[in-house]
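Raw start-v6.csv, CSV, C-alpha atoms:
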chain,number,residue,atom,x,y,z
V,1,MET,CA,86.7,123.9,110.5
V,2,PRO,CA,86.2,120.5,112.0
V,3,ALA,CA,86.9,120.1,115.7
V,4,ILE,CA,89.1,117.3,117.0
V,5,SER,CA,89.9,116.1,120.5
V,6,MET,CA,92.7,113.9,121.8
V,7,LYS,CA,94.7,113.2,124.9
V,8,VAL,CA,98.1,114.8,124.9
V,9,ASN,CA,100.5,113.9,127.7
V,10,GLY,CA,97.5,112.6,129.7
V,11,GLN,CA,95.5,115.8,129.3
V,12,ALA,CA,92.3,116.1,127.2
V,13,VAL,CA,92.7,118.7,124.6
V,14,CYS,CA,90.6,119.9,121.7
V,15,GLY,CA,90.8,122.4,118.8
V,16,ASP,CA,89.6,123.3,115.3
V,17,VAL,CA,91.8,122.1,112.5
V,18,GLU,CA,91.8,122.3,108.7
V,19,GLY,CA,92.1,119.0,106.7
V,20,ARG,CA,95.6,120.0,105.9
V,21,THR,CA,96.7,120.8,109.4
V,22,LEU,CA,99.6,118.5,110.3
V,23,LEU,CA,99.8,116.8,113.7
V,24,VAL,CA,103.0,118.7,114.5
V,25,GLU,CA,101.3,122.0,113.7
V,26,PHE,CA,98.5,121.2,116.0
V,27,ILE,CA,100.9,120.2,118.8
V,28,ARG,CA,103.2,123.3,118.4
V,29,ASP,CA,100.8,126.0,117.2
V,30,LYS,CA,97.5,125.1,118.9
V,31,LEU,CA,98.8,123.5,122.1
V,32,GLY,CA,102.0,125.5,122.4
V,33,LEU,CA,104.1,122.4,123.0
V,34,THR,CA,107.2,123.5,121.1
V,35,GLY,CA,109.5,120.7,122.3
V,36,THR,CA,108.5,118.7,119.2
V,37,HIS,CA,110.6,120.2,116.4
V,38,VAL,CA,110.2,120.5,112.7
V,39,GLY,CA,113.6,119.8,111.1
V,40,CYS,CA,113.5,118.7,107.5
V,41,ASP,CA,109.7,118.7,107.0
V,42,THR,CA,110.3,116.0,104.4
V,43,SER,CA,109.9,112.9,106.7
V,44,GLN,CA,113.6,112.1,107.0
V,45,CYS,CA,115.1,113.7,110.0
V,46,GLY,CA,112.9,112.5,112.9
V,47,ALA,CA,113.0,115.7,115.0
V,48,CYS,CA,109.2,115.7,115.1
V,49,VAL,CA,108.8,112.1,116.5
V,50,VAL,CA,106.0,111.7,119.0
V,51,HIS,CA,104.2,108.6,120.3
V,52,VAL,CA,100.7,108.0,119.0
V,53,ASN,CA,98.8,105.3,120.9
V,54,GLY,CA,102.2,104.1,122.1
V,55,LYS,CA,104.1,104.0,118.8
V,56,ALA,CA,106.7,106.4,117.5
V,57,VAL,CA,105.6,108.4,114.4
V,58,LYS,CA,106.8,111.4,112.5
V,59,SER,CA,104.2,114.1,113.4
V,60,CYS,CA,105.2,116.2,110.3
V,61,THR,CA,103.9,113.3,108.2
V,62,ALA,CA,100.5,112.9,109.9
V,63,LEU,CA,97.3,114.8,109.5
V,64,ALA,CA,96.0,116.2,112.8
V,65,ILE,CA,92.4,115.5,111.8
V,66,ALA,CA,93.1,111.8,111.5
V,67,HIS,CA,94.1,111.7,115.2
V,68,ASP,CA,90.7,112.5,116.7
V,69,GLY,CA,90.5,110.3,119.8
V,70,ALA,CA,94.2,109.4,119.8
V,71,GLU,CA,96.6,109.4,122.8
V,72,VAL,CA,99.7,111.4,122.0
V,73,THR,CA,102.9,111.7,124.1
V,74,THR,CA,105.4,114.4,123.3
V,75,ILE,CA,108.8,115.1,124.8
V,76,GLU,CA,107.0,117.3,127.4
V,77,GLY,CA,105.1,114.3,128.6
V,78,LEU,CA,108.1,112.1,129.6
V,79,ALA,CA,109.3,113.8,132.8
V,80,ALA,CA,107.2,113.0,135.9
V,81,ASN,CA,106.9,114.8,139.2
V,82,GLY,CA,109.7,117.2,138.3
V,83,LYS,CA,112.1,114.4,137.6
V,84,LEU,CA,113.6,113.7,134.2
V,85,HIS,CA,112.7,110.5,132.5
V,86,PRO,CA,115.6,108.0,132.6
V,87,MET,CA,116.3,108.5,128.9
V,88,GLN,CA,116.4,112.2,129.3
V,89,GLU,CA,118.7,111.9,132.3
V,90,ALA,CA,121.0,109.6,130.2
V,91,PHE,CA,121.2,112.1,127.4
V,92,ARG,CA,122.3,114.7,130.0
V,93,GLU,CA,124.7,112.4,131.7
V,94,HIS,CA,126.4,111.2,128.5
V,95,HIS,CA,126.2,114.6,126.7
V,96,GLY,CA,124.0,113.0,124.0
V,97,LEU,CA,123.5,116.4,122.3
V,98,GLN,CA,125.3,119.3,120.9
V,99,CYS,CA,122.9,121.9,119.5
V,100,GLY,CA,120.0,119.9,120.9
V,101,PHE,CA,117.7,120.4,118.0
V,102,CYS,CA,117.3,116.7,117.2
V,103,THR,CA,117.2,115.7,120.8
V,104,PRO,CA,113.4,115.5,121.4
V,105,GLY,CA,113.0,113.2,118.4
V,106,MET,CA,116.1,111.1,119.4
V,107,ILE,CA,114.7,110.6,122.9
V,108,MET,CA,111.2,109.8,121.7
V,109,ALA,CA,112.7,107.3,119.2
V,110,ALA,CA,114.9,105.8,122.0
V,111,VAL,CA,112.0,105.3,124.3
V,112,ASP,CA,110.0,103.6,121.5
V,113,MET,CA,113.0,101.4,120.8
V,114,VAL,CA,113.1,100.2,124.4
V,115,ASN,CA,109.3,99.7,124.4
V,116,ARG,CA,109.7,97.4,121.4
V,117,LEU,CA,113.0,95.7,121.9
V,118,GLY,CA,113.7,95.8,125.7
V,119,LYS,CA,116.2,97.4,127.9
V,120,LYS,CA,119.3,95.6,126.8
V,121,LEU,CA,120.3,97.1,123.5
V,122,ASP,CA,123.7,96.7,121.7
V,123,GLU,CA,125.3,99.4,119.7
V,124,ASP,CA,124.6,97.9,116.3
V,125,THR,CA,120.9,97.7,117.1
V,126,ILE,CA,120.8,101.2,118.4
V,127,ARG,CA,122.5,102.6,115.3
V,128,HIS,CA,120.2,100.7,113.0
V,129,GLU,CA,117.1,101.7,114.9
V,130,LEU,CA,118.1,105.4,114.8
V,131,GLU,CA,118.0,105.3,110.9
V,132,GLY,CA,115.0,107.6,111.0
V,133,ASN,CA,116.6,110.3,113.2
V,134,ILE,CA,119.3,112.6,111.9
V,135,CYS,CA,121.7,114.6,114.1
V,136,ARG,CA,123.1,117.4,111.9
V,137,CYS,CA,125.9,118.0,114.5
V,138,THR,CA,126.8,114.3,113.8
V,139,GLY,CA,127.2,113.6,117.5
V,140,TYR,CA,126.0,110.0,117.2
V,141,HIS,CA,128.7,108.5,119.4
V,142,ASN,CA,127.3,110.1,122.6
V,143,ILE,CA,123.7,109.6,121.5
V,144,VAL,CA,124.3,105.9,121.1
V,145,ALA,CA,126.0,105.8,124.5
V,146,ALA,CA,123.1,107.7,126.0
V,147,VAL,CA,120.4,105.4,124.5
V,148,LYS,CA,122.2,102.4,125.8
V,149,ALA,CA,122.5,103.7,129.3
V,150,GLY,CA,119.0,105.2,129.3
V,151,ALA,CA,117.5,101.9,128.1
V,152,ALA,CA,119.2,100.0,130.9
V,153,ASN,CA,117.7,102.5,133.5
V,154,MET,CA,114.2,102.4,132.2
G,1,MET,CA,99.9,122.6,101.3
G,2,GLU,CA,96.6,123.2,99.6
G,3,ASN,CA,93.6,122.5,101.8
G,4,PHE,CA,91.2,119.7,101.0
G,5,THR,CA,88.0,118.1,102.4
G,6,TYR,CA,88.8,115.2,104.7
G,7,HIS,CA,86.7,112.0,104.8
G,8,ARG,CA,87.1,109.0,107.1
G,9,PRO,CA,84.7,106.3,105.9
G,10,ALA,CA,84.1,103.2,107.9
G,11,SER,CA,83.6,100.8,104.9
G,12,ALA,CA,85.1,100.2,101.5
G,13,ALA,CA,81.6,101.0,100.0
G,14,ASP,CA,81.5,104.4,101.7
G,15,ALA,CA,85.0,105.1,100.6
G,16,ALA,CA,84.2,104.4,97.0
G,17,ALA,CA,81.1,106.6,97.3
G,18,ALA,CA,83.2,109.4,98.8
G,19,MET,CA,85.6,109.1,95.9
G,20,LYS,CA,82.8,109.1,93.4
G,21,GLY,CA,81.4,112.3,94.9
G,22,ALA,CA,84.8,114.1,94.9
G,23,LYS,CA,86.0,116.3,92.2
G,24,ASP,CA,89.6,115.1,92.4
G,25,GLY,CA,89.8,112.7,95.3
G,26,LYS,CA,92.7,110.7,96.6
G,27,TYR,CA,92.8,107.7,99.0
G,28,LEU,CA,95.1,108.0,102.0
G,29,SER,CA,96.5,105.0,103.8
G,30,GLY,CA,99.5,105.4,106.0
G,31,GLY,CA,100.4,108.7,104.3
G,32,GLN,CA,104.1,108.2,104.3
G,33,THR,CA,104.4,109.0,100.6
G,34,LEU,CA,101.2,111.0,100.0
G,35,ILE,CA,101.6,113.5,102.8
G,36,PRO,CA,105.1,114.5,101.7
G,37,ALA,CA,103.8,114.7,98.1
G,38,LEU,CA,100.9,117.0,99.3
G,39,LYS,CA,103.4,119.2,101.2
G,40,GLN,CA,105.6,119.6,98.1
G,41,GLY,CA,102.6,120.5,96.0
G,42,LEU,CA,103.1,117.4,93.8
G,43,ALA,CA,99.5,116.5,94.5
G,44,SER,CA,96.7,118.8,95.5
G,45,PRO,CA,93.5,116.8,95.6
G,46,SER,CA,90.1,118.3,96.4
G,47,ASP,CA,89.3,115.5,98.8
G,48,ILE,CA,91.3,113.1,101.0
G,49,ILE,CA,89.6,109.8,101.7
G,50,ASP,CA,91.4,108.3,104.7
G,51,LEU,CA,91.1,104.5,104.6
G,52,GLY,CA,92.3,104.2,108.2
G,53,GLY,CA,88.7,104.0,109.3
G,54,LEU,CA,88.2,100.7,107.5
G,55,LYS,CA,90.4,99.0,110.1
G,56,ASN,CA,91.5,96.5,107.5
G,57,SER,CA,94.7,95.0,108.9
G,58,GLY,CA,96.1,91.7,109.9
G,59,VAL,CA,98.2,88.8,108.6
G,60,THR,CA,96.7,85.3,108.0
G,61,VAL,CA,99.0,82.4,107.4
G,62,GLY,CA,97.4,79.3,105.8
G,63,ALA,CA,98.0,77.5,102.5
G,64,THR,CA,98.9,81.1,101.4
G,65,VAL,CA,99.7,84.2,103.3
G,66,VAL,CA,97.1,87.0,103.2
G,67,ILE,CA,98.0,90.4,104.3
G,68,LYS,CA,95.2,92.9,104.6
G,69,ALA,CA,95.9,96.2,102.8
G,70,GLY,CA,95.9,98.4,106.0
G,71,THR,CA,98.6,96.3,107.7
G,72,THR,CA,101.6,98.4,108.6
G,73,HIS,CA,105.1,97.4,107.7
G,74,ALA,CA,105.9,97.1,111.5
G,75,GLU,CA,102.9,94.7,111.9
G,76,VAL,CA,104.0,92.6,108.9
G,77,ALA,CA,107.6,92.5,110.2
G,78,ALA,CA,106.5,91.5,113.7
G,79,ASP,CA,104.1,88.7,112.7
G,80,ALA,CA,105.5,85.4,114.0
G,81,GLY,CA,103.6,83.3,111.6
G,82,LEU,CA,104.9,85.1,108.6
G,83,ARG,CA,108.4,85.0,109.8
G,84,LYS,CA,108.2,81.3,109.8
G,85,ALA,CA,106.3,80.9,106.5
G,86,ILE,CA,108.1,83.5,104.4
G,87,PRO,CA,111.1,84.9,106.3
G,88,GLY,CA,112.3,86.8,103.3
G,89,LEU,CA,109.1,88.8,103.1
G,90,SER,CA,109.2,89.4,106.8
G,91,ALA,CA,112.7,90.8,106.6
G,92,LEU,CA,111.8,93.0,103.6
G,93,ALA,CA,109.0,94.6,105.6
G,94,GLY,CA,111.3,95.2,108.5
G,95,GLY,CA,113.7,97.0,106.3
G,96,ILE,CA,111.4,99.5,104.7
G,97,GLY,CA,112.2,103.1,105.6
G,98,ASP,CA,112.8,103.6,109.4
G,99,PRO,CA,110.9,102.5,112.5
G,100,HIS,CA,108.6,105.5,112.5
G,101,VAL,CA,107.7,105.2,108.9
G,102,ARG,CA,107.1,101.4,109.5
G,103,HIS,CA,104.6,102.3,112.2
G,104,ARG,CA,102.5,104.1,109.6
G,105,GLY,CA,103.1,102.9,106.1
G,106,THR,CA,100.9,100.1,104.8
G,107,ILE,CA,101.3,97.4,102.2
G,108,GLY,CA,98.2,98.5,100.4
G,109,GLY,CA,99.4,102.1,100.2
G,110,SER,CA,102.8,101.0,99.1
G,111,ILE,CA,101.6,98.9,96.2
G,112,ALA,CA,98.8,101.2,95.1
G,113,ASN,CA,101.3,104.1,94.9
G,114,ASN,CA,103.9,101.8,93.1
G,115,ASP,CA,106.9,104.0,93.7
G,116,PRO,CA,109.6,102.7,91.3
G,117,ALA,CA,111.9,102.5,94.3
G,118,ALA,CA,109.5,100.9,96.8
G,119,ASP,CA,110.3,97.4,98.3
G,120,TYR,CA,106.9,95.7,98.3
G,121,PRO,CA,106.4,95.7,94.5
G,122,ALA,CA,109.6,93.5,94.3
G,123,ALA,CA,108.0,91.1,96.8
G,124,CYS,CA,104.7,90.9,95.0
G,125,LEU,CA,106.3,90.3,91.6
G,126,GLY,CA,109.1,88.1,92.9
G,127,LEU,CA,106.8,85.8,94.9
G,128,GLY,CA,103.9,85.8,92.3
G,129,ALA,CA,101.4,87.5,94.6
G,130,THR,CA,97.8,88.2,93.8
G,131,ILE,CA,96.4,91.6,94.6
G,132,HIS,CA,92.8,91.6,96.0
G,133,THR,CA,90.8,94.7,95.4
G,134,SER,CA,87.3,96.0,96.1
G,135,LYS,CA,86.4,94.7,92.6
G,136,ARG,CA,88.6,91.7,91.6
G,137,LYS,CA,91.8,89.8,92.0
G,138,ILE,CA,94.8,90.9,89.9
G,139,ALA,CA,98.1,88.9,89.4
G,140,ALA,CA,101.1,91.0,90.4
G,141,GLY,CA,102.5,90.7,86.9
G,142,ASP,CA,99.5,92.5,85.6
G,143,PHE,CA,99.1,95.0,88.5
G,144,PHE,CA,102.3,97.0,88.2
G,145,THR,CA,102.1,98.9,84.9
G,146,GLY,CA,104.8,101.5,85.2
G,147,MET,CA,106.1,104.4,87.2
G,148,PHE,CA,103.6,105.3,89.9
G,149,SER,CA,100.9,103.5,87.8
G,150,THR,CA,98.9,100.3,88.4
G,151,ALA,CA,96.0,98.4,86.9
G,152,LEU,CA,93.7,99.9,89.6
G,153,GLU,CA,90.7,101.7,88.0
G,154,GLU,CA,89.1,104.9,89.2
G,155,GLY,CA,87.9,104.4,92.8
G,156,GLU,CA,89.1,100.8,93.1
G,157,ILE,CA,90.7,100.0,96.5
G,158,VAL,CA,93.4,97.4,97.3
G,159,THR,CA,91.9,95.2,100.1
G,160,ALA,CA,94.6,92.6,100.6
G,161,VAL,CA,97.7,91.0,99.1
G,162,GLU,CA,97.9,87.2,98.9
G,163,PHE,CA,101.4,85.5,98.7
G,164,PRO,CA,101.9,81.9,97.8
G,165,ILE,CA,104.5,80.4,100.1
G,166,PRO,CA,107.7,79.8,98.2
G,167,LYS,CA,110.4,77.1,98.9
G,168,LYS,CA,112.7,80.0,99.8
G,169,CYS,CA,113.3,83.6,99.1
G,170,GLY,CA,115.6,86.5,100.0
G,171,TYR,CA,115.6,90.2,99.5
G,172,ALA,CA,118.7,92.5,99.3
G,173,LYS,CA,118.7,96.2,98.7
G,174,PHE,CA,121.2,99.0,98.4
G,175,PRO,CA,119.3,101.9,100.1
G,176,ASN,CA,119.7,105.5,99.3
G,177,PRO,CA,121.3,106.7,102.6
G,178,ALA,CA,119.0,109.8,102.9
G,179,SER,CA,115.6,108.5,101.8
G,180,LEU,CA,116.3,104.8,102.6
G,181,TYR,CA,114.4,104.0,99.4
G,182,ALA,CA,116.0,101.3,97.3
G,183,MET,CA,118.6,102.5,94.7
G,184,VAL,CA,118.4,98.8,93.7
G,185,GLY,CA,116.5,96.1,95.5
G,186,VAL,CA,116.2,92.5,94.4
G,187,MET,CA,113.8,89.7,95.5
G,188,ALA,CA,115.1,86.3,94.6
G,189,ALA,CA,112.8,83.4,95.1
G,190,GLN,CA,112.4,79.7,94.4
G,191,LEU,CA,108.7,79.2,94.1
G,192,ALA,CA,106.8,76.2,95.4
G,193,ASP,CA,107.1,74.5,92.0
G,194,GLY,CA,110.9,75.0,92.1
G,195,SER,CA,110.9,77.7,89.4
G,196,PRO,CA,113.1,80.8,90.2
G,197,ARG,CA,111.9,84.4,90.2
G,198,VAL,CA,114.1,87.5,90.3
G,199,ALA,CA,112.3,90.9,90.7
G,200,VAL,CA,114.1,94.2,90.6
G,201,THR,CA,113.0,97.5,92.1
G,202,GLY,CA,114.6,100.9,92.2
G,203,ALA,CA,116.6,100.4,89.0
G,204,GLY,CA,114.1,101.1,86.3
G,205,ALA,CA,110.8,102.9,85.7
G,206,GLY,CA,109.0,100.3,87.7
G,207,VAL,CA,109.6,96.8,89.1
G,208,PHE,CA,110.6,94.2,86.6
G,209,ARG,CA,111.7,90.6,86.3
G,210,ALA,CA,115.4,89.8,85.4
G,211,THR,CA,114.6,86.9,83.1
G,212,ALA,CA,118.3,86.1,82.2
G,213,MET,CA,119.0,85.7,85.9
G,214,GLU,CA,115.9,83.5,86.4
G,215,ALA,CA,117.2,81.2,83.5
G,216,ALA,CA,120.6,81.0,85.2
G,217,LEU,CA,119.0,80.1,88.6
G,218,ALA,CA,116.7,77.5,87.0
G,219,LYS,CA,119.8,75.3,86.5
G,220,ASP,CA,121.4,76.1,89.8
G,221,PHE,CA,119.8,78.2,92.5
G,222,SER,CA,123.1,79.6,93.9
G,223,ALA,CA,124.8,83.0,93.9
G,224,ALA,CA,127.6,81.5,91.8
G,225,ALA,CA,125.1,80.8,89.0
G,226,LEU,CA,124.7,84.6,88.6
G,227,ASN,CA,128.4,85.2,87.9
G,228,GLY,CA,128.6,87.2,84.7
G,229,VAL,CA,124.8,87.5,84.4
G,230,ALA,CA,123.8,91.1,84.2
G,231,VAL,CA,120.8,93.3,83.3
G,232,ALA,CA,121.7,95.8,80.5
G,233,ALA,CA,122.2,99.4,81.7
G,234,LYS,CA,120.2,100.8,78.8
G,235,GLY,CA,116.9,102.2,80.0
G,236,LEU,CA,117.7,102.0,83.7
G,237,ASN,CA,117.4,105.1,86.0
G,238,SER,CA,120.3,107.5,86.0
G,239,ASP,CA,120.4,110.3,88.5
G,240,LEU,CA,122.7,112.1,90.9
G,241,HIS,CA,122.6,109.1,93.3
G,242,ALA,CA,123.7,106.4,90.7
G,243,SER,CA,124.3,106.1,87.0
G,244,ALA,CA,122.5,103.5,84.9
G,245,ASP,CA,125.8,101.6,84.6
G,246,TYR,CA,126.2,101.6,88.4
G,247,ARG,CA,122.6,100.5,88.9
G,248,ALA,CA,123.1,97.6,86.4
G,249,HIS,CA,126.2,96.6,88.4
G,250,LEU,CA,124.2,96.7,91.7
G,251,ILE,CA,121.5,94.5,90.3
G,252,THR,CA,123.9,91.5,90.0
G,253,VAL,CA,125.5,92.2,93.4
G,254,MET,CA,122.1,92.5,95.1
G,255,ALA,CA,120.7,89.5,93.2
G,256,LYS,CA,123.6,87.4,94.5
G,257,ARG,CA,123.1,88.6,98.0
G,258,ALA,CA,119.4,87.9,97.8
G,259,VAL,CA,120.1,84.3,96.7
G,260,GLU,CA,122.6,83.8,99.5
G,261,LYS,CA,120.1,85.1,102.0
G,262,ALA,CA,117.2,83.0,100.7
G,263,LYS,CA,115.6,80.7,103.2

Turn the structure described in the file into structure tokens.
Amino acid sequence: MPAISMKVNGQAVCGDVEGRTLLVEFIRDKLGLTGTHVGCDTSQCGACVVHVNGKAVKSCTALAIAHDGAEVTTIEGLAANGKLHPMQEAFREHHGLQCGFCTPGMIMAAVDMVNRLGKKLDEDTIRHELEGNICRCTGYHNIVAAVKAGAANM
Amino acid sequence: MENFTYHRPASAADAAAAMKGAKDGKYLSGGQTLIPALKQGLASPSDIIDLGGLKNSGVTVGATVVIKAGTTHAEVAADAGLRKAIPGLSALAGGIGDPHVRHRGTIGGSIANNDPAADYPAACLGLGATIHTSKRKIAAGDFFTGMFSTALEEGEIVTAVEFPIPKKCGYAKFPNPASLYAMVGVMAAQLADGSPRVAVTGAGAGVFRATAMEAALAKDFSAAALNGVAVAAKGLNSDLHASADYRAHLITVMAKRAVEKAK
């Protein structure tokens, strides 16, 4: 099996993968970072969103082997020095989750949204930009409020 | 998913050689359609030849617009030059899938796959694009040959898509709420010579031109000119999302919106 190496949450990691190993499988099964979730496994729900070289992607729709040398950030990589990232804090503050399954993907998508569009986001923009993330509890109201507040605090 | 041998060539020539050496090879671009297809067992190639190593991306705006095949939808949508030259095409790219898909999916991958509900084929046909490949140049009208099929030959690779700059154009789609693919999408354009084009995706087995609508728009390029002009429902897609009759209805609605949006 080919070996790959990448930087995940700032740490150099390596491992053997098959051609078919998905990026999300590498992250969860090889690295034990289970904060990244597999929801639909059909590229629709966004629970598996991570950042690759600074851009949000669906890690269930990416081959691990194609990411040799990449820089990956997962939900575990957001908090720093024992303090939640402002977007995580906003989700807690605004109760932007019910069961919590979609939350890692929502937060990674929200941080990417701010990186691209800035800290001042209106509700329409947030809802439109969350098209790739599905909350099965349908708790979008508080998620949108959390993204808006988290963006302002980033 | 069945396993496969992975290749990441650095040039189109190496990619073609890898394809030639493979028993049943497939090119991979952004993977936003192919990887789901692999997971569902709809495709199980012996070899995957990843074109990402070709680093063939970028948008050039001159007398025409040339978009290299590996350019992602997000890069196309973010290009300031394109937004000025062909705002309707820029908006189309920014409306494909969702933000995460747009970070990965590419124009070359989209048109080579020719999904009958993909957005880019409507842009190519509606704007009279020319598809550049590793072997030749193909007019969009000759490139899309049916459901998931194109004029590409074995091993041939899309390298770029060249769009002539129209007077104006607009794209409107009615997306499936789950997949975000077009149930019906219409690109309406007034080309540089003034002639109208209407290309429809999502409704049939593949992208097609609505010639009756083009005739109506030739006299008057306005949404009102499309009142009462419809594409026949016979032969259109009919599934649990929308009947053929409903799709036929949507074509006129989307065509009018596309004309209204055109700039």

**Request:** Give me the residues within 10 Å of Lys30 in chain V as a list in words, counting all atoms listed in the file and dropping any in the same chain fewer than 6 places off.
**Result:** Val13, Cys14, Gly15, Asp16, Val17 and Val24 of chain V

Create the file for the chosen residues now, containing C-alpha atoms and written as a PDB file, in the frame of the given file.
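That gives us again-v3.pdb:
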ATOM      1  CA  VAL V  13      92.700 118.700 124.600  1.00  0.00           C
ATOM      2  CA  CYS V  14      90.600 119.900 121.700  1.00  0.00           C
ATOM      3  CA  GLY V  15      90.800 122.400 118.800  1.00  0.00           C
ATOM      4  CA  ASP V  16      89.600 123.300 115.300  1.00  0.00           C
ATOM      5  CA  VAL V  17      91.800 122.100 112.500  1.00  0.00           C
ATOM      6  CA  VAL V  24     103.000 118.700 114.500  1.00  0.00           C
TER       7      VAL V  24
END

Please identify all polymer residues within 9 Å of Gly94 in chain G, counting all atoms listed in the file, omitting same-chain residues fewer than 4 positions from it, and present them as a PDB file with C-alpha atoms, in the frame of the given file.
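In the end it all went to out_8.pdb:
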ATOM      1  CA  HIS G  73     105.100  97.400 107.700  1.00  0.00           C
ATOM      2  CA  ALA G  74     105.900  97.100 111.500  1.00  0.00           C
ATOM      3  CA  VAL G  76     104.000  92.600 108.900  1.00  0.00           C
ATOM      4  CA  ALA G  77     107.600  92.500 110.200  1.00  0.00           C
ATOM      5  CA  ALA G  78     106.500  91.500 113.700  1.00  0.00           C
ATOM      6  CA  LEU G  89     109.100  88.800 103.100  1.00  0.00           C
ATOM      7  CA  SER G  90     109.200  89.400 106.800  1.00  0.00           C
ATOM      8  CA  ASP G  98     112.800 103.600 109.400  1.00  0.00           C
ATOM      9  CA  PRO G  99     110.900 102.500 112.500  1.00  0.00           C
ATOM     10  CA  ARG G 102     107.100 101.400 109.500  1.00  0.00           C
TER      11      ARG G 102
END

Within 8 Å of chain V, which residues of chain G show up when using all atoms listed in the file, listed as an mmCIF file with C-alpha atoms, keeping the file's coordinate frame?
data_model
loop_
_atom_site.group_PDB
_atom_site.id
_atom_site.type_symbol
_atom_site.label_atom_id
_atom_site.label_comp_id
_atom_site.auth_asym_id
_atom_site.auth_seq_id
_atom_site.Cartn_x
_atom_site.Cartn_y
_atom_site.Cartn_z
ATOM 1 C CA MET G 1 99.900 122.600 101.300
ATOM 2 C CA GLU G 2 96.600 123.200 99.600
ATOM 3 C CA ASN G 3 93.600 122.500 101.800
ATOM 4 C CA PHE G 4 91.200 119.700 101.000
ATOM 5 C CA THR G 5 88.000 118.100 102.400
ATOM 6 C CA TYR G 6 88.800 115.200 104.700
ATOM 7 C CA ARG G 8 87.100 109.000 107.100
ATOM 8 C CA GLY G 31 100.400 108.700 104.300
ATOM 9 C CA GLN G 32 104.100 108.200 104.300
ATOM 10 C CA ILE G 35 101.600 113.500 102.800
ATOM 11 C CA PRO G 36 105.100 114.500 101.700
ATOM 12 C CA ASP G 50 91.400 108.300 104.700
ATOM 13 C CA GLY G 97 112.200 103.100 105.600
ATOM 14 C CA ASP G 98 112.800 103.600 109.400
ATOM 15 C CA PRO G 99 110.900 102.500 112.500
ATOM 16 C CA HIS G 100 108.600 105.500 112.500
ATOM 17 C CA VAL G 101 107.700 105.200 108.900
ATOM 18 C CA HIS G 103 104.600 102.300 112.200
ATOM 19 C CA ARG G 104 102.500 104.100 109.600
ATOM 20 C CA ALA G 178 119.000 109.800 102.900
ATOM 21 C CA SER G 179 115.600 108.500 101.800
#

**Request:** Work out how far CA of Ala70 in chain V is from CA of Met6 in chain V, in Å to one decimal.
**Result:** 5.1 Å

**Prompt:** Quick one: residues within 9 Å of His141 in chain V, all atoms listed in the file counted, chain neighbours fewer than 4 positions away excluded, as a list in words?
**Reply:**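 Near His141 in chain V, the qualifying residues are Gly96, Ala145 and Ala146 of chain V.
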
**Prompt:** Mind pulling up the distance from CA of Ile107 in chain V to CA of Leu78 in chain V?
**Reply:**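 Computing it gives 9.5 Å between the two atoms.
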
**Asked** So, counting all atoms listed in the file, which residue among V:Val114, V:Gly10, V:Arg136, V:Ser5 is closest to Thr74 in chain V?
**Response** V:Gly10

**Asked** Using all atoms listed in the file, which residues sit within 10 Å of range 130-132 of chain G once same-chain residues fewer than 3 positions away are excluded, as a VMD selection string?
**Response** chain G and resid 66 to 69 108 111 to 112 124 to 125 127 135 to 143 157 to 164

Write the residues of the selection above to a file with C-alpha atoms, as an mmCIF file, in the coordinates of the input.
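Resulting contents of selection.cif:
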data_model
loop_
_atom_site.group_PDB
_atom_site.id
_atom_site.type_symbol
_atom_site.label_atom_id
_atom_site.label_comp_id
_atom_site.auth_asym_id
_atom_site.auth_seq_id
_atom_site.Cartn_x
_atom_site.Cartn_y
_atom_site.Cartn_z
ATOM 1 C CA VAL G 66 97.100 87.000 103.200
ATOM 2 C CA ILE G 67 98.000 90.400 104.300
ATOM 3 C CA LYS G 68 95.200 92.900 104.600
ATOM 4 C CA ALA G 69 95.900 96.200 102.800
ATOM 5 C CA GLY G 108 98.200 98.500 100.400
ATOM 6 C CA ILE G 111 101.600 98.900 96.200
ATOM 7 C CA ALA G 112 98.800 101.200 95.100
ATOM 8 C CA CYS G 124 104.700 90.900 95.000
ATOM 9 C CA LEU G 125 106.300 90.300 91.600
ATOM 10 C CA LEU G 127 106.800 85.800 94.900
ATOM 11 C CA LYS G 135 86.400 94.700 92.600
ATOM 12 C CA ARG G 136 88.600 91.700 91.600
ATOM 13 C CA LYS G 137 91.800 89.800 92.000
ATOM 14 C CA ILE G 138 94.800 90.900 89.900
ATOM 15 C CA ALA G 139 98.100 88.900 89.400
ATOM 16 C CA ALA G 140 101.100 91.000 90.400
ATOM 17 C CA GLY G 141 102.500 90.700 86.900
ATOM 18 C CA ASP G 142 99.500 92.500 85.600
ATOM 19 C CA PHE G 143 99.100 95.000 88.500
ATOM 20 C CA ILE G 157 90.700 100.000 96.500
ATOM 21 C CA VAL G 158 93.400 97.400 97.300
ATOM 22 C CA THR G 159 91.900 95.200 100.100
ATOM 23 C CA ALA G 160 94.600 92.600 100.600
ATOM 24 C CA VAL G 161 97.700 91.000 99.100
ATOM 25 C CA GLU G 162 97.900 87.200 98.900
ATOM 26 C CA PHE G 163 101.400 85.500 98.700
ATOM 27 C CA PRO G 164 101.900 81.900 97.800
#

**Message:** If we count only C-alpha atoms and set the cut-off at 6 Å, which residues sit around Thr72 in chain G, ignoring sequence neighbours fewer than 3 positions away in its own chain? Please answer as a list in words.
**Reply:**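 The neighbour list is Glu75, Arg104, Gly105 and Thr106 of chain G.
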
**Message:** Please report the interatomic distance between CA of Gly41 in chain G and CA of Met19 in chain G in Å with one decimal.
**Reply:**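 For CA of Gly41 in chain G relative to CA of Met19 in chain G, the distance reads 20.5 Å.
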